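Read the structure below first, then the notes.
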Amino acid sequence: AYGTVDEVNATLGLARLHAQGDVDAALSRIQNDLFDLGADLSRPNMDKDDEAGYPVLRAVPAQVERLESEIDAMTAVLEPLKSFILPAGTPLAAQLHMSRTVARRAERLAVQLNAEEDGDVNPVAIKYLNRLSDWLFCAARMANDAGKADVLWVPGANR
């Protein structure tokens with residue numbers, strides 16, 4: 001799970017090659033959050049935090065709340081969805097879509113880890129990954145001229 005979180009982080013580094021200004025700053029912050037998250041997932045049993053001998057780094061609700069607030073802000077300006085969209089468009093949008101899919105895989109693996117660890121994984125870490133994939137979806141649409149340049153799926157187009 002935390003190896004896949006590291007992979008998400010690496011894909012965000014690639015996305016940052018195409019990002020500027022506030023988007024680059026947000027991606028930088030998220031990359032830092034992902035290191036926190038990796039540390040959190042590397043010690044899934046939160047009941048043993050006191051035995052660590054050092055302060056254990058855990059994802060906190062404020063990190064999730066920040067993502068949710070930014071999702072709300074992006075959604076307020078995005079073109080309403082009228083179709084499924086393809087993971088394409090600008091180089092930044094395409095890379096953010098790639099990051100989104102890796103974040104979804106990381107979430108699935110964290111849920112699996114939680115099941116294997118009898119529910120001892122920090123639930124905030126799992127929620128962060130869930131909200132991150134939504135954040136990346138919205139950010140990809142923003143990179144496509146706030147959704148105006150999204151590449152739409154055409155059902156059955158090649159039959």
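We label chains A, B, ... in the order they appear in the structure tokens, count residues from 1 in each chain, and number ligands from 1 in the order shown.
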Expected answer as a PyMOL selection string: helix (DSSP H, G or I) residues in region 79-153 of chain A: chain A and resi 91-116+123-143+145-147
Polymer residues at most 7 Å from Arg141 (chain A), only C-alpha atoms, same-chain spacing of 5 or more positions, as a PyMOL selection string: chain A and resi 93+146-147+150
Residue contacts of Leu37 (chain A) (12 Å, only C-alpha atoms) excluding same-chain residues fewer than 6 positions away, as a ChimeraX atom specification: /A:1-6,8-9,30-31,43-44,56-60,63-64,103,106-107,110,121-129,132
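Neighbouring residues of Glu70 (chain A) at 9 Å or closer, counting only C-alpha atoms and skipping chain neighbours under 5 positions away, are A:Glu65, A:Thr75, A:Trp135.
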Limited to all heavy atoms, could you put the picked residues into a file as a PDB file, in the first residue's frame?
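Output (part37.pdb):
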```pdb
ATOM      1  N   GLU A  65      -9.834  17.473   5.055  1.00  0.00           N
ATOM      2  CA  GLU A  65     -10.714  18.639   4.956  1.00  0.00           C
ATOM      3  C   GLU A  65     -10.187  19.641   3.930  1.00  0.00           C
ATOM      4  O   GLU A  65     -10.974  20.255   3.198  1.00  0.00           O
ATOM      5  CB  GLU A  65     -10.880  19.284   6.331  1.00  0.00           C
ATOM      6  CG  GLU A  65     -11.684  18.418   7.288  1.00  0.00           C
ATOM      7  CD  GLU A  65     -11.502  18.790   8.750  1.00  0.00           C
ATOM      8  OE1 GLU A  65     -10.855  19.822   9.056  1.00  0.00           O
ATOM      9  OE2 GLU A  65     -11.991  18.023   9.608  1.00  0.00           O
ATOM     10  N   THR A  75     -15.117  22.387  -8.135  1.00  0.00           N
ATOM     11  CA  THR A  75     -16.422  21.982  -8.652  1.00  0.00           C
ATOM     12  C   THR A  75     -17.303  23.192  -8.943  1.00  0.00           C
ATOM     13  O   THR A  75     -18.089  23.184  -9.895  1.00  0.00           O
ATOM     14  CB  THR A  75     -17.107  21.023  -7.658  1.00  0.00           C
ATOM     15  OG1 THR A  75     -16.266  19.872  -7.482  1.00  0.00           O
ATOM     16  CG2 THR A  75     -18.460  20.562  -8.154  1.00  0.00           C
ATOM     17  N   TRP A 135      -9.936  14.745  -5.935  1.00  0.00           N
ATOM     18  CA  TRP A 135      -9.227  16.014  -6.146  1.00  0.00           C
ATOM     19  C   TRP A 135      -8.498  15.981  -7.486  1.00  0.00           C
ATOM     20  O   TRP A 135      -8.567  16.952  -8.256  1.00  0.00           O
ATOM     21  CB  TRP A 135      -8.236  16.253  -4.998  1.00  0.00           C
ATOM     22  CG  TRP A 135      -7.598  17.606  -4.984  1.00  0.00           C
ATOM     23  CD1 TRP A 135      -7.979  18.669  -4.223  1.00  0.00           C
ATOM     24  CD2 TRP A 135      -6.468  18.043  -5.753  1.00  0.00           C
ATOM     25  NE1 TRP A 135      -7.156  19.740  -4.487  1.00  0.00           N
ATOM     26  CE2 TRP A 135      -6.218  19.386  -5.421  1.00  0.00           C
ATOM     27  CE3 TRP A 135      -5.647  17.435  -6.701  1.00  0.00           C
ATOM     28  CZ2 TRP A 135      -5.188  20.131  -5.980  1.00  0.00           C
ATOM     29  CZ3 TRP A 135      -4.614  18.173  -7.281  1.00  0.00           C
ATOM     30  CH2 TRP A 135      -4.389  19.504  -6.925  1.00  0.00           C
TER      31      TRP A 135
END
```
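Pairwise distance (CA of Ser133 (chain A), CA of Arg100 (chain A)) equals 4.8 Å.
What separates CA of Ala26 (chain A) from CA of Ala39 (chain A) is a distance of 20.2 Å.
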Could you give me, as CSV, every region 51-145 of chain A residue with an atom at most 9 Å from region 14-19 of chain A, plus its closest atom pair and distance in Å to one decimal, counting only C-alpha atoms, rows ordered by chain then number?
```
residue,atom,partner,partner_atom,distance
A:Pro91,CA,A:His18,CA,6.7
A:Leu92,CA,A:His18,CA,5.2
A:Ala93,CA,A:Ala15,CA,8.3
A:Ala94,CA,A:Ala15,CA,8.5
A:Gln95,CA,A:Ala15,CA,5.3
A:Leu96,CA,A:Ala15,CA,6.2
A:Ser99,CA,A:Ala15,CA,8.1
A:Ala143,CA,A:Ala19,CA,8.9
```
